[in-house]
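**Student:** Below is the file start17.cif, which contains mmCIF, C-alpha atoms and all ligand atoms.
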```cif
data_coords
loop_
_atom_site.label_atom_id
_atom_site.label_comp_id
_atom_site.auth_asym_id
_atom_site.auth_seq_id
_atom_site.Cartn_x
_atom_site.Cartn_y
_atom_site.Cartn_z
CA MET A 1 -19.99 -15.05 14.13
CA ILE A 2 -16.97 -12.80 14.49
CA ILE A 3 -14.52 -13.48 11.63
CA SER A 4 -10.92 -13.13 12.66
CA GLY A 5 -8.79 -11.72 9.88
CA LYS A 6 -5.86 -12.24 12.21
CA GLU A 7 -6.34 -16.04 12.30
CA LEU A 8 -7.09 -16.40 8.60
CA SER A 9 -4.12 -14.26 7.61
CA ALA A 10 -1.80 -16.27 9.91
CA ARG A 11 -2.92 -19.47 8.21
CA LEU A 12 -2.55 -18.05 4.70
CA LYS A 13 0.88 -16.61 5.52
CA ALA A 14 2.03 -20.02 6.79
CA GLU A 15 0.88 -21.58 3.49
CA MET A 16 2.70 -18.88 1.51
CA ALA A 17 5.86 -19.44 3.59
CA GLU A 18 5.86 -23.09 2.51
CA GLN A 19 5.44 -22.07 -1.12
CA VAL A 20 8.20 -19.43 -0.94
CA ALA A 21 10.60 -21.89 0.75
CA GLY A 22 10.62 -23.84 -2.52
CA PHE A 23 11.49 -20.81 -4.68
CA PRO A 24 15.30 -20.69 -4.25
CA ALA A 25 15.65 -24.25 -5.59
CA LYS A 26 13.25 -23.52 -8.45
CA TYR A 27 14.00 -19.90 -9.36
CA GLY A 28 17.30 -19.15 -7.62
CA ARG A 29 15.85 -16.54 -5.26
CA VAL A 30 12.85 -15.40 -3.23
CA PRO A 31 10.45 -12.53 -4.15
CA HIS A 32 11.73 -9.05 -3.30
CA LEU A 33 9.42 -6.27 -2.12
CA VAL A 34 10.65 -2.69 -1.84
CA VAL A 35 8.60 -0.36 0.36
CA ILE A 36 9.28 3.38 0.14
CA LEU A 37 8.37 5.47 3.17
CA VAL A 38 8.48 9.25 2.84
CA GLY A 39 8.55 11.17 6.13
CA ASP A 40 7.83 9.80 9.58
CA ASP A 41 4.06 9.85 10.05
CA PRO A 42 3.50 7.38 12.94
CA ALA A 43 0.61 5.54 11.24
CA SER A 44 2.65 5.11 8.05
CA VAL A 45 5.70 3.93 10.04
CA SER A 46 3.54 1.33 11.78
CA TYR A 47 2.01 0.11 8.46
CA VAL A 48 5.48 -0.20 6.91
CA THR A 49 6.76 -2.09 9.97
CA GLY A 50 3.79 -4.47 9.69
CA LYS A 51 4.62 -5.11 6.04
CA ALA A 52 8.26 -5.85 6.90
CA LYS A 53 7.22 -8.28 9.68
CA ALA A 54 4.78 -10.12 7.39
CA SER A 55 7.48 -10.38 4.71
CA GLU A 56 9.78 -11.99 7.27
CA VAL A 57 7.11 -14.55 8.22
CA VAL A 58 6.44 -15.44 4.58
CA GLY A 59 10.13 -15.46 3.62
CA ILE A 60 9.88 -12.55 1.20
CA ARG A 61 12.92 -10.27 0.98
CA ASN A 62 11.84 -6.83 2.16
CA THR A 63 13.74 -3.60 1.66
CA THR A 64 12.32 -0.50 3.29
CA VAL A 65 13.70 2.71 1.80
CA ARG A 66 13.15 5.73 4.06
CA LYS A 67 13.27 9.23 2.60
CA PRO A 68 12.78 12.57 4.35
CA ASP A 69 9.55 14.47 3.60
CA THR A 70 11.69 17.12 1.91
CA ILE A 71 12.38 14.75 -1.00
CA SER A 72 11.31 16.34 -4.28
CA GLU A 73 8.74 14.73 -6.55
CA GLU A 74 11.38 14.28 -9.26
CA GLU A 75 13.80 12.55 -6.85
CA LEU A 76 11.06 10.14 -5.75
CA LEU A 77 10.04 9.40 -9.36
CA ALA A 78 13.72 8.81 -10.26
CA LEU A 79 14.01 6.31 -7.39
CA ILE A 80 10.90 4.47 -8.63
CA ARG A 81 12.26 4.35 -12.21
CA GLU A 82 15.51 2.90 -10.86
CA LEU A 83 13.56 0.17 -9.02
CA ASN A 84 11.43 -0.49 -12.12
CA ALA A 85 14.65 -1.23 -14.03
CA ASP A 86 16.14 -3.37 -11.25
CA ASP A 87 15.65 -7.03 -12.14
CA THR A 88 16.08 -8.13 -8.53
CA VAL A 89 12.96 -6.18 -7.48
CA ASP A 90 9.51 -7.79 -7.94
CA GLY A 91 7.24 -5.41 -6.07
CA ILE A 92 7.31 -1.67 -5.36
CA LEU A 93 5.03 -0.03 -2.83
CA VAL A 94 5.05 3.66 -1.95
CA GLN A 95 3.34 4.15 1.40
CA LEU A 96 0.52 6.70 1.16
CA PRO A 97 -0.28 9.44 2.00
CA LEU A 98 2.59 11.48 0.57
CA PRO A 99 3.54 15.07 1.43
CA LYS A 100 1.38 17.66 -0.38
CA HIS A 101 4.12 18.71 -2.83
CA ILE A 102 4.23 15.21 -4.35
CA SER A 103 1.50 14.04 -6.73
CA GLU A 104 0.24 10.61 -5.61
CA ALA A 105 -1.24 10.05 -9.06
CA LYS A 106 2.16 10.62 -10.73
CA VAL A 107 3.88 8.32 -8.24
CA ILE A 108 1.35 5.53 -8.80
CA GLU A 109 1.57 5.90 -12.58
CA THR A 110 5.37 5.74 -12.50
CA ILE A 111 5.50 2.35 -10.76
CA ALA A 112 5.74 -0.35 -13.45
CA LYS A 113 2.38 -2.11 -13.76
CA GLU A 114 4.16 -5.48 -13.36
CA LYS A 115 5.62 -4.38 -9.99
CA ASP A 116 2.51 -2.56 -8.70
CA VAL A 117 1.79 -4.83 -5.71
CA ASP A 118 -0.84 -2.37 -4.39
CA GLY A 119 -2.91 -2.72 -7.56
CA PHE A 120 -3.37 1.07 -7.76
CA HIS A 121 -1.80 1.63 -11.24
CA PRO A 122 -4.39 2.89 -13.75
CA LEU A 123 -3.65 -0.11 -16.01
CA ASN A 124 -4.34 -2.54 -13.15
CA VAL A 125 -7.52 -0.66 -12.25
CA ALA A 126 -8.67 -0.69 -15.89
CA ALA A 127 -7.91 -4.41 -16.13
CA LEU A 128 -9.98 -5.07 -12.99
CA TRP A 129 -12.99 -3.29 -14.49
CA GLN A 130 -12.56 -5.21 -17.75
CA LYS A 131 -12.18 -8.58 -15.99
CA GLN A 132 -8.65 -8.96 -17.36
CA PRO A 133 -5.78 -10.54 -15.38
CA CYS A 134 -4.42 -7.91 -13.00
CA THR A 135 -3.09 -7.19 -9.54
CA VAL A 136 -6.13 -6.54 -7.34
CA ALA A 137 -5.87 -3.94 -4.55
CA CYS A 138 -5.06 -5.64 -1.23
CA THR A 139 -7.94 -4.47 1.01
CA PRO A 140 -10.80 -5.36 -1.38
CA LYS A 141 -9.12 -8.68 -2.20
CA GLY A 142 -8.82 -9.45 1.53
CA ILE A 143 -12.50 -8.62 2.11
CA ILE A 144 -13.64 -11.17 -0.49
CA LYS A 145 -11.35 -13.80 1.08
CA LEU A 146 -12.86 -13.08 4.52
CA LEU A 147 -16.41 -13.44 3.17
CA LYS A 148 -15.57 -16.74 1.50
CA GLU A 149 -13.78 -18.01 4.60
CA ALA A 150 -16.89 -17.23 6.65
CA GLY A 151 -18.94 -19.31 4.21
CA VAL A 152 -20.98 -16.30 3.08
CA THR A 153 -22.78 -16.82 -0.24
CA ILE A 154 -22.24 -13.60 -2.18
CA SER A 155 -24.09 -14.51 -5.37
CA GLY A 156 -27.55 -12.97 -5.57
CA LYS A 157 -27.15 -10.99 -2.32
CA ARG A 158 -27.97 -7.30 -1.90
CA ALA A 159 -24.63 -5.70 -1.03
CA VAL A 160 -24.25 -2.09 0.08
CA VAL A 161 -20.78 -0.51 0.11
CA ILE A 162 -20.45 2.77 2.01
CA GLY A 163 -17.51 4.70 0.55
CA ARG A 164 -16.36 5.22 -3.04
CA SER A 165 -12.59 5.64 -2.74
CA ASN A 166 -10.24 4.26 -5.38
CA ILE A 167 -8.49 2.04 -2.86
CA VAL A 168 -11.46 0.45 -1.06
CA GLY A 169 -15.04 1.40 -1.97
CA LEU A 170 -14.92 1.21 -5.77
CA PRO A 171 -12.77 -1.94 -6.15
CA VAL A 172 -14.64 -3.87 -3.44
CA ALA A 173 -17.93 -2.98 -5.15
CA LYS A 174 -16.53 -4.31 -8.44
CA LEU A 175 -15.31 -7.54 -6.80
CA LEU A 176 -18.73 -8.07 -5.18
CA LEU A 177 -20.35 -7.49 -8.57
CA ASP A 178 -17.98 -10.06 -10.10
CA GLU A 179 -19.21 -12.48 -7.42
CA ASN A 180 -22.77 -11.76 -8.66
CA ALA A 181 -23.98 -9.63 -5.76
CA THR A 182 -26.40 -6.79 -6.53
CA VAL A 183 -24.32 -3.82 -5.43
CA THR A 184 -25.21 -0.31 -4.31
CA ILE A 185 -22.47 2.22 -3.58
CA ALA A 186 -23.30 4.88 -0.98
CA HIS A 187 -21.31 8.02 -0.17
CA SER A 188 -21.50 11.34 1.65
CA ARG A 189 -24.28 12.65 -0.62
CA THR A 190 -26.47 9.56 -0.29
CA VAL A 191 -29.93 10.51 0.92
CA ASN A 192 -31.47 8.46 3.72
CA LEU A 193 -28.52 6.14 4.20
CA PRO A 194 -30.07 4.12 7.09
CA GLU A 195 -33.00 3.10 4.87
CA LEU A 196 -30.53 1.83 2.28
CA THR A 197 -28.22 0.03 4.72
CA ARG A 198 -31.19 -1.73 6.35
CA GLN A 199 -31.83 -3.41 2.98
CA ALA A 200 -28.28 -4.76 2.82
CA GLU A 201 -27.59 -8.44 3.26
CA ILE A 202 -23.87 -7.69 3.02
CA LEU A 203 -22.72 -4.29 4.30
CA VAL A 204 -19.16 -3.09 3.67
CA VAL A 205 -18.27 0.11 5.50
CA ALA A 206 -15.22 2.15 4.41
CA ILE A 207 -15.74 5.73 5.53
CA GLY A 208 -13.17 6.63 8.17
CA LYS A 209 -15.62 7.81 10.88
CA PRO A 210 -15.53 6.12 14.30
CA ARG A 211 -18.67 4.04 15.07
CA PHE A 212 -20.66 5.71 12.27
CA VAL A 213 -22.84 2.65 11.60
CA THR A 214 -25.25 2.18 14.48
CA ALA A 215 -27.58 -0.72 15.33
CA ASP A 216 -30.64 0.99 13.79
CA MET A 217 -28.86 1.05 10.39
CA VAL A 218 -28.48 -2.74 10.25
CA SER A 219 -31.09 -5.49 9.84
CA GLU A 220 -31.03 -8.82 11.67
CA GLY A 221 -28.71 -11.34 10.02
CA THR A 222 -26.64 -8.85 7.98
CA VAL A 223 -23.02 -9.65 7.15
CA VAL A 224 -21.01 -6.61 8.27
CA ILE A 225 -17.48 -5.89 7.07
CA ASP A 226 -15.85 -2.97 8.86
CA VAL A 227 -12.91 -1.50 6.94
CA GLY A 228 -12.49 1.66 9.02
CA VAL A 229 -9.39 2.29 11.09
CA ASN A 230 -9.97 5.18 13.47
CA ARG A 231 -8.88 6.42 16.86
CA ASP A 232 -11.73 6.39 19.32
CA PRO A 233 -12.08 10.08 20.32
CA GLU A 234 -12.81 9.09 23.94
CA THR A 235 -10.40 6.23 24.63
CA GLY A 236 -7.75 6.87 21.95
CA LYS A 237 -7.91 3.16 21.08
CA LEU A 238 -8.31 1.79 17.53
CA CYS A 239 -11.89 1.40 16.41
CA GLY A 240 -13.80 0.82 13.20
CA ASP A 241 -16.57 2.64 11.34
CA VAL A 242 -19.15 0.33 12.92
CA ASP A 243 -20.42 0.51 16.51
CA PHE A 244 -19.28 -3.06 17.11
CA ALA A 245 -20.87 -3.61 20.53
CA ALA A 246 -24.31 -2.48 19.32
CA VAL A 247 -24.23 -4.07 15.85
CA GLU A 248 -22.62 -7.43 16.66
CA PRO A 249 -25.76 -8.97 18.26
CA LYS A 250 -27.77 -8.24 15.07
CA ALA A 251 -25.13 -9.29 12.54
CA SER A 252 -24.84 -12.89 11.32
CA VAL A 253 -21.16 -12.28 10.58
CA ILE A 254 -19.01 -9.28 11.55
CA THR A 255 -15.35 -8.30 11.42
CA PRO A 256 -13.66 -6.72 14.45
CA VAL A 257 -11.32 -3.71 14.44
CA PRO A 258 -8.47 -4.34 15.01
CA GLY A 259 -7.99 -7.92 13.82
CA GLY A 260 -10.47 -8.03 10.92
CA VAL A 261 -9.80 -6.49 7.52
CA GLY A 262 -6.42 -4.97 8.46
CA PRO A 263 -4.40 -8.21 8.72
CA MET A 264 -6.00 -9.47 5.50
CA THR A 265 -4.74 -6.38 3.66
CA ILE A 266 -1.14 -7.19 4.58
CA CYS A 267 -1.70 -10.87 3.79
CA CYS A 268 -2.93 -9.96 0.29
CA LEU A 269 0.10 -7.71 -0.18
CA MET A 270 2.27 -10.78 0.38
CA GLU A 271 0.14 -12.74 -2.09
CA ASN A 272 0.38 -9.94 -4.68
CA THR A 273 4.18 -9.82 -4.27
CA ILE A 274 4.41 -13.58 -4.89
CA GLU A 275 2.10 -13.26 -7.92
CA CYS A 276 4.23 -10.43 -9.40
CA PHE A 277 7.38 -12.51 -8.78
CA LEU A 278 5.90 -15.59 -10.46
CA ARG A 279 4.63 -13.62 -13.47
CA ARG A 280 8.14 -12.20 -13.91
CA GLN A 281 9.68 -15.70 -13.73
CA HIS A 282 7.43 -17.01 -16.46
P1 LIG B 301 -11.63 8.00 1.89
O1 LIG B 301 -10.82 8.04 0.63
O2 LIG B 301 -11.58 9.15 2.83
O3 LIG B 301 -13.14 7.76 1.46
C1 LIG B 301 -14.16 7.80 2.40
C2 LIG B 301 -15.48 7.56 1.71
O4 LIG B 301 -16.50 7.61 2.71
C3 LIG B 301 -15.82 8.59 0.65
O5 LIG B 301 -16.31 7.97 -0.52
C4 LIG B 301 -16.90 9.44 1.31
O6 LIG B 301 -17.89 9.94 0.43
C5 LIG B 301 -17.54 8.43 2.24
N1 LIG B 301 -18.18 9.10 3.36
C6 LIG B 301 -17.64 10.02 4.19
N2 LIG B 301 -18.55 10.46 5.08
C7 LIG B 301 -19.70 9.79 4.79
C8 LIG B 301 -21.00 9.82 5.32
N3 LIG B 301 -21.32 10.62 6.36
N4 LIG B 301 -21.93 9.02 4.78
C9 LIG B 301 -21.66 8.21 3.75
N5 LIG B 301 -20.42 8.15 3.18
C10 LIG B 301 -19.47 8.94 3.70
O7 LIG B 301 -11.29 6.72 2.76
P2 LIG B 301 -10.68 5.28 2.36
O8 LIG B 301 -9.26 5.45 1.96
O9 LIG B 301 -11.62 4.55 1.49
O10 LIG B 301 -10.69 4.61 3.81
C11 LIG B 301 -11.86 4.43 4.55
C12 LIG B 301 -11.53 3.88 5.92
O11 LIG B 301 -10.92 2.61 5.76
C13 LIG B 301 -10.52 4.70 6.72
O12 LIG B 301 -10.82 4.58 8.09
C14 LIG B 301 -9.20 4.01 6.42
O13 LIG B 301 -8.26 4.20 7.47
C15 LIG B 301 -9.65 2.59 6.38
N6 LIG B 301 -8.78 1.70 5.58
C16 LIG B 301 -8.46 0.52 6.15
C17 LIG B 301 -7.69 -0.38 5.46
C18 LIG B 301 -7.37 -1.68 6.10
O14 LIG B 301 -6.54 -2.41 5.60
N7 LIG B 301 -8.03 -2.04 7.18
C19 LIG B 301 -7.21 -0.08 4.18
C20 LIG B 301 -7.59 1.14 3.61
C21 LIG B 301 -8.39 2.02 4.33
P3 LIG B 301 -17.55 11.04 -0.72
O15 LIG B 301 -16.90 10.28 -1.82
O16 LIG B 301 -18.89 11.56 -1.09
O17 LIG B 301 -16.66 12.05 -0.08
#
```
Show how you would write the structure in this file as structure tokens.
**Tutor:**
Amino acid sequence: MIISGKELSARLKAEMAEQVAGFPAKYGRVPHLVVILVGDDPASVSYVTGKAKASEVVGIRNTTVRKPDTISEEELLALIRELNADDTVDGILVQLPLPKHISEAKVIETIAKEKDVDGFHPLNVAALWQKQPCTVACTPKGIIKLLKEAGVTISGKRAVVIGRSNIVGLPVAKLLLDENATVTIAHSRTVNLPELTRQAEILVVAIGKPRFVTADMVSEGTVVIDVGVNRDPETGKLCGDVDFAAVEPKASVITPVPGGVGPMTICCLMENTIECFLRRQH
């Protein structure tokens, strides 16, 4: 079964649009998301455009603030502090990566925890690991939704996550653990990776290497979630970390790239913005 994140996210966005349509009568306004884009990296521009389009579909007010890549760290932090203090703003997202002269850690820490729709703030991360209420990072949250939508039982399964980044690998491993999977996290120093991945009943791949996971690394019936977004070196087209054509016949469930995890990430950003808005109303 190929799970379409595109279809699921369209359905969830339509449900959110209905919910948001009732907000002006109840709260006097709709949620407001501010996205800050520094520089003009084409991938970042396209992500920010996608976020603006999704906001429009859901009925969320979206303000995209564009700054040149010459902006100083202090100027960017001052802008974030201004937005933190602005009562009309519910969510703040700074599109990553940032130019080298700006500390991403400082930027993430400066965003108010209550407006951190990306779920990257250290307090949100700490809350996730302590099972406290928090904003969960969008990509890992979307992956769990996809698994549930596909009817995959997570509890008791052997899950292998390849990748240990703060934004995907680590939080998705924690969410799988919270769903009672037995989780192994693999990375670039893992020895004999294929032996490990062949034991996986659920395999989440977040590396950033085109078609890294080949058919011999996957057992029959495995659930395969491909997080990677890469340019195919031969065709220049988007492709994942999994060799889809070779792995799909062996997998019981698999996500395509594009149209799998990516749309779910944006969908969860919309959900996080609504959650931040509602928490601020109450
Ligand atoms: P990242 O920060 O670069 O982390 C990559 C991880 O892969 C690291 O933990 C690294 O191990 C591991 N790795 C690299 N080479 C490996 C190898 N040969 N064997 C085993 N592990 C290896 O990347 P990321 O931010 O997590 O993103 C991963 C991919 O997901 C990228 O393609 C990114 O574009 C994509 N992504 C997609 C979405 C979406 O919404 N679809 C969202 C976020 C990211 P070490 O820790 O040992 O270096």
**Student:** Find the axis-aligned box for ligand LIG 301 (chain B), covering all its listed atoms and adding 4 Å on each side, and write its centre and edge lengths in Å to one decimal as AutoDock Vina command-line options.
**Tutor:**
```
--center_x -14.2 --center_y 4.8 --center_z 3.1 --size_x 23.4 --size_y 22.5 --size_z 17.9
```
**Student:** Taking 6 positions as the minimum chain separation for residues in the same chain, which residues sit within 10 Å of Ala159 of chain A when counting only C-alpha atoms? Answer as a ChimeraX atom specification.
**Tutor:** /A:173,176-177,180-185,197,199-204,222-223
**Student:** Please identify the residues whose atoms come within 8 Å of ligand LIG 301 (chain B), using all atoms listed in the file, and report them as a ChimeraX atom specification.
**Tutor:** /A:138-139,162-169,186-190,193,205-210,212,227-230,240-241,260-266
**Student:** How would you write as number ranges by chain the residues that get within 12 Å of (1.1, -0.7, 13.3) in the file's frame, counting all atoms listed in the file?
**Tutor:** A: 41-54, 229, 238, 258-259, 262-263, 266
**Student:** So which one's closest to Glu82 of chain A, A:Ser9, A:Gln19, A:Gln281, A:Thr110? Using all atoms listed in the file, please.
**Tutor:** A:Thr110
**Student:** Could you work out how far atom CA of Glu220 of chain A lies from atom CA of Ile3 of chain A, giving the answer in Å with one decimal?
**Tutor:**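 Atom CA of Ile3 of chain A sits 17.2 Å away from atom CA of Glu220 of chain A.
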**Student:** Nearest to Glu275 of chain A: which of A:Cys134, A:Val94, A:Leu170, A:Val224 is it, counting all atoms listed in the file?
**Tutor:**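 Among the listed residues, the smallest separation from Glu275 of chain A belongs to A:Cys134.
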**Student:** Could I get segment 48-59 of chain A rebuilt with all heavy atoms, written as a short mmCIF file (atom, residue, chain, number, x, y, z; two decimals), keeping the file's coordinate frame?
**Tutor:**
```
data_model
loop_
_atom_site.label_atom_id
_atom_site.label_comp_id
_atom_site.auth_asym_id
_atom_site.auth_seq_id
_atom_site.Cartn_x
_atom_site.Cartn_y
_atom_site.Cartn_z
N VAL A 48 4.28 0.30 7.60
CA VAL A 48 5.48 -0.20 6.91
C VAL A 48 6.17 -1.28 7.76
O VAL A 48 6.64 -2.29 7.23
CB VAL A 48 6.42 1.00 6.61
CG1 VAL A 48 7.80 0.53 6.21
CG2 VAL A 48 5.80 1.86 5.51
N THR A 49 6.17 -1.08 9.07
CA THR A 49 6.76 -2.09 9.97
C THR A 49 5.97 -3.39 9.87
O THR A 49 6.55 -4.48 9.81
CB THR A 49 6.74 -1.58 11.44
OG1 THR A 49 7.34 -0.28 11.44
CG2 THR A 49 7.50 -2.48 12.38
N GLY A 50 4.65 -3.28 9.82
CA GLY A 50 3.79 -4.47 9.69
C GLY A 50 4.08 -5.23 8.40
O GLY A 50 4.10 -6.47 8.39
N LYS A 51 4.33 -4.48 7.33
CA LYS A 51 4.62 -5.11 6.04
C LYS A 51 5.96 -5.83 6.08
O LYS A 51 6.12 -6.92 5.52
CB LYS A 51 4.58 -4.05 4.93
CG LYS A 51 3.15 -3.59 4.64
CD LYS A 51 3.03 -2.30 3.87
CE LYS A 51 1.56 -1.87 3.83
NZ LYS A 51 1.30 -0.58 3.23
N ALA A 52 6.93 -5.22 6.78
CA ALA A 52 8.26 -5.85 6.90
C ALA A 52 8.16 -7.14 7.73
O ALA A 52 8.76 -8.16 7.39
CB ALA A 52 9.25 -4.88 7.53
N LYS A 53 7.38 -7.09 8.81
CA LYS A 53 7.22 -8.28 9.68
C LYS A 53 6.56 -9.41 8.91
O LYS A 53 6.96 -10.56 9.00
CB LYS A 53 6.37 -7.93 10.90
CG LYS A 53 7.17 -7.28 12.01
CD LYS A 53 6.30 -7.16 13.25
CE LYS A 53 7.01 -6.30 14.29
NZ LYS A 53 6.08 -5.68 15.21
N ALA A 54 5.48 -9.08 8.16
CA ALA A 54 4.78 -10.12 7.39
C ALA A 54 5.71 -10.72 6.35
O ALA A 54 5.71 -11.94 6.13
CB ALA A 54 3.54 -9.52 6.72
N SER A 55 6.54 -9.88 5.72
CA SER A 55 7.48 -10.38 4.71
C SER A 55 8.42 -11.40 5.35
O SER A 55 8.72 -12.44 4.75
CB SER A 55 8.32 -9.24 4.13
OG SER A 55 7.50 -8.27 3.56
N GLU A 56 8.86 -11.09 6.57
CA GLU A 56 9.78 -11.99 7.27
C GLU A 56 9.11 -13.35 7.51
O GLU A 56 9.71 -14.40 7.28
CB GLU A 56 10.15 -11.35 8.60
CG GLU A 56 11.49 -11.80 9.14
CD GLU A 56 11.80 -11.12 10.46
OE1 GLU A 56 11.61 -9.89 10.55
OE2 GLU A 56 12.19 -11.84 11.39
N VAL A 57 7.85 -13.30 7.95
CA VAL A 57 7.11 -14.55 8.22
C VAL A 57 6.97 -15.40 6.95
O VAL A 57 7.14 -16.62 6.98
CB VAL A 57 5.69 -14.22 8.79
CG1 VAL A 57 4.82 -15.45 8.86
CG2 VAL A 57 5.82 -13.56 10.17
N VAL A 58 6.69 -14.72 5.83
CA VAL A 58 6.44 -15.44 4.58
C VAL A 58 7.75 -15.84 3.89
O VAL A 58 7.78 -16.74 3.05
CB VAL A 58 5.54 -14.58 3.66
CG1 VAL A 58 5.36 -15.19 2.29
CG2 VAL A 58 4.17 -14.37 4.31
N GLY A 59 8.85 -15.15 4.25
CA GLY A 59 10.13 -15.46 3.62
C GLY A 59 10.41 -14.60 2.40
O GLY A 59 11.27 -14.92 1.57
#
```
